[in-house]
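> Mind having a look at this structure? Questions to follow.
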Amino acid sequence: MNKKVFQILVDNTSGVLSRISGLFSRRGYNIESITAGVTADPRFTRITIVASGDDEVLDQIEKQVDKLEDVRSIKELRPDESVYRELALVKVRVDAVGRQSVISMTNVFRAKVIDVATDCLTIEITGGQEKINAFLDLLNGYEIMELARTGIAGLCRGSENVVYIN
């Protein structure tokens with residue numbers, strides 16, 4: 001199984017995300033993560049999808065998505081030509097004794113404690129998936145009460161690959 005990260009620029013219209021995810025569902029394609037948000041131009045939304053499959057399936061995904069009416073641009077974000085980031089919120093059960101240890105790990109990963117309660121900490125961490133996974137692995141001895149991950153957001157490096165739509 002291979003993975004590809006696709007950046008899709010679409011019209012910012014009602015139901016566009018549903019139509020794209022429906023295409024994946026109808027064809028039996030797997031979405032590993034999906035993020036969407038308005039761009040600098042409010043007429044358009046940028047969707048980042050991480051999909052998995054063999055090369056033939058991944059090429060077919062790109063061709064099928066490109067045929068959708070609302071899609072203005074689709075391109076692969078290759079790892080060596082792009083930057084990816086993900087956000088995770090992690091609620092960890094800690095007592096007074098373990099609190100400082102978790103805070104120290106949080107600081108090493110340049111994450112932030114964003115909420116403190118008597119029995120838990122909520123931590124915000126951003127970075128690549130590898131960084132977030134490494135942080136979660138270090139929390140192995142603690143109970144993760146809740147975890148929310150955004151999925152990948154990405155952009156191409158530099159200004160050569162910027163898509164301008166009139």
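If you're wondering about the labels, chains in the structure tokens are A, B, ... by order shown, residues count from 1 in each chain, ligands from 1 in order shown.
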Give me the residues of range 50-153 of chain A that have any atom at most 12 Å from an atom of range 17-33 of chain A; for each, the nearest atom pair and the distance in Å, rounded to one decimal. Use only C-alpha atoms, sort by chain and number, and format it as a Markdown table.

| residue | atom | partner | partner_atom | distance |
| --- | --- | --- | --- | --- |
| A:Val50 | CA | A:Ser33 | CA | 5.2 |
| A:Ala51 | CA | A:Ile31 | CA | 4.7 |
| A:Ser52 | CA | A:Asn30 | CA | 6.0 |
| A:Gly53 | CA | A:Asn30 | CA | 7.4 |
| A:Asp54 | CA | A:Tyr29 | CA | 10.6 |
| A:Glu56 | CA | A:Tyr29 | CA | 11.6 |
| A:Val57 | CA | A:Tyr29 | CA | 7.8 |
| A:Leu58 | CA | A:Tyr29 | CA | 8.7 |
| A:Asp59 | CA | A:Tyr29 | CA | 11.5 |
| A:Gln60 | CA | A:Tyr29 | CA | 9.7 |
| A:Ile61 | CA | A:Tyr29 | CA | 7.7 |
| A:Glu62 | CA | A:Phe24 | CA | 10.7 |
| A:Lys63 | CA | A:Leu23 | CA | 11.4 |
| A:Gln64 | CA | A:Leu23 | CA | 7.9 |
| A:Val65 | CA | A:Ile20 | CA | 6.9 |
| A:Asp66 | CA | A:Ile20 | CA | 10.0 |
| A:Lys67 | CA | A:Ile20 | CA | 10.5 |
| A:Leu68 | CA | A:Ile20 | CA | 7.9 |
| A:Glu69 | CA | A:Arg19 | CA | 9.7 |
| A:Asp70 | CA | A:Arg19 | CA | 9.1 |
| A:Val71 | CA | A:Ile20 | CA | 9.1 |
| A:Ile74 | CA | A:Ile20 | CA | 11.9 |
| A:Glu86 | CA | A:Ser33 | CA | 10.3 |
| A:Gln129 | CA | A:Ser33 | CA | 11.3 |
| A:Arg149 | CA | A:Ser33 | CA | 9.4 |
| A:Thr150 | CA | A:Ser33 | CA | 8.0 |
| A:Gly151 | CA | A:Ser33 | CA | 5.0 |
| A:Ile152 | CA | A:Ser33 | CA | 6.7 |
| A:Ala153 | CA | A:Ser33 | CA | 9.4 |
> From a DSSP pass on the backbone, collect the residues of range 15-156 of chain A flagged as helix (DSSP H, G or I) and hand them back as a ChimeraX atom specification.
/A:16-27,55-66,79-81,96-108,129-141
> If we count only C-alpha atoms and set the cut-off at 6 Å, which residues sit around Ile47 in chain A, ignoring sequence neighbours fewer than 3 positions away in its own chain? Please answer as a list of chain:residue names.
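Contacts, with the query itself left out: A:Gln7, A:Ile8, A:Thr35, A:Ala36.
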> Could you pull out the strand (DSSP E or B) residues of range 18-147 of chain A, going by DSSP on the backbone, and write them as an NGL selection string?
:A and (30-38 or 44-53 or 71-76 or 82-93 or 112-116 or 120-127 or 143-147)
> What lies within 9 Å of Tyr142 in chain A using only C-alpha atoms, ignoring chain neighbours under 5 positions off, as an mmCIF file with N, CA and C atoms, in the first residue's frame?

data_model
loop_
_atom_site.group_PDB
_atom_site.id
_atom_site.type_symbol
_atom_site.label_atom_id
_atom_site.label_comp_id
_atom_site.auth_asym_id
_atom_site.auth_seq_id
_atom_site.Cartn_x
_atom_site.Cartn_y
_atom_site.Cartn_z
ATOM 1 N N VAL A 92 -4.508 13.703 28.970
ATOM 2 C CA VAL A 92 -3.768 12.641 29.658
ATOM 3 C C VAL A 92 -4.144 12.649 31.141
ATOM 4 N N ARG A 93 -4.488 11.467 31.661
ATOM 5 C CA ARG A 93 -4.768 11.354 33.089
ATOM 6 C C ARG A 93 -3.442 11.352 33.843
ATOM 7 N N VAL A 94 -3.275 12.305 34.766
ATOM 8 C CA VAL A 94 -2.071 12.373 35.603
ATOM 9 C C VAL A 94 -2.464 12.781 37.015
ATOM 10 N N GLY A 98 2.831 12.455 38.752
ATOM 11 C CA GLY A 98 3.217 12.286 37.352
ATOM 12 C C GLY A 98 3.113 13.540 36.520
ATOM 13 N N VAL A 102 5.028 14.548 32.680
ATOM 14 C CA VAL A 102 4.301 14.783 31.429
ATOM 15 C C VAL A 102 4.575 16.202 30.916
#
> Would you compute the distance between CA of Asn140 in chain A and CA of Met1 in chain A? Give it in Å to one decimal.
27.3 Å
> Tell me, as a list in words, which residues lie within 6 Å of range 120-122 of chain A, counting only C-alpha atoms; anything in the same chain fewer than 2 positions away does not count.
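Counting only C-alpha atoms, the residues come to Val90, Lys91, Val92, Arg93, Val94, Val113, Ile114, Asp115, Val116 and Ala117 of chain A.
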> Contacts of Ile125 in chain A at 7 Å or less, counting only C-alpha atoms, minus same-chain residues fewer than 6 places along, as a ChimeraX atom specification?
/A:87-89,111-112,132
> Just N, CA, C and O atoms for this one: save the residues we selected as an mmCIF file, in the first residue's frame.

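File written: selection_24.cif
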data_model
loop_
_atom_site.group_PDB
_atom_site.id
_atom_site.type_symbol
_atom_site.label_atom_id
_atom_site.label_comp_id
_atom_site.auth_asym_id
_atom_site.auth_seq_id
_atom_site.Cartn_x
_atom_site.Cartn_y
_atom_site.Cartn_z
ATOM 1 N N LEU A 87 -2.310 18.844 13.772
ATOM 2 C CA LEU A 87 -2.561 19.281 15.136
ATOM 3 C C LEU A 87 -3.197 18.127 15.891
ATOM 4 O O LEU A 87 -4.068 17.440 15.352
ATOM 5 N N ALA A 88 -2.753 17.920 17.128
ATOM 6 C CA ALA A 88 -3.387 16.922 17.994
ATOM 7 C C ALA A 88 -3.641 17.546 19.358
ATOM 8 O O ALA A 88 -2.819 18.313 19.873
ATOM 9 N N LEU A 89 -4.785 17.247 19.913
ATOM 10 C CA LEU A 89 -5.113 17.589 21.291
ATOM 11 C C LEU A 89 -5.171 16.277 22.057
ATOM 12 O O LEU A 89 -5.866 15.345 21.647
ATOM 13 N N ALA A 111 5.458 21.226 22.619
ATOM 14 C CA ALA A 111 4.001 21.221 22.681
ATOM 15 C C ALA A 111 3.576 22.168 23.799
ATOM 16 O O ALA A 111 4.430 22.746 24.478
ATOM 17 N N LYS A 112 2.269 22.342 23.989
ATOM 18 C CA LYS A 112 1.771 23.270 24.993
ATOM 19 C C LYS A 112 0.729 22.584 25.865
ATOM 20 O O LYS A 112 -0.143 21.886 25.346
ATOM 21 N N ILE A 132 4.144 13.634 16.160
ATOM 22 C CA ILE A 132 2.977 13.385 17.005
ATOM 23 C C ILE A 132 2.943 11.932 17.454
ATOM 24 O O ILE A 132 2.689 11.636 18.622
#
> Do you have the CA of Tyr84 in chain A-CA of Leu136 in chain A distance handy?
18.3 Å
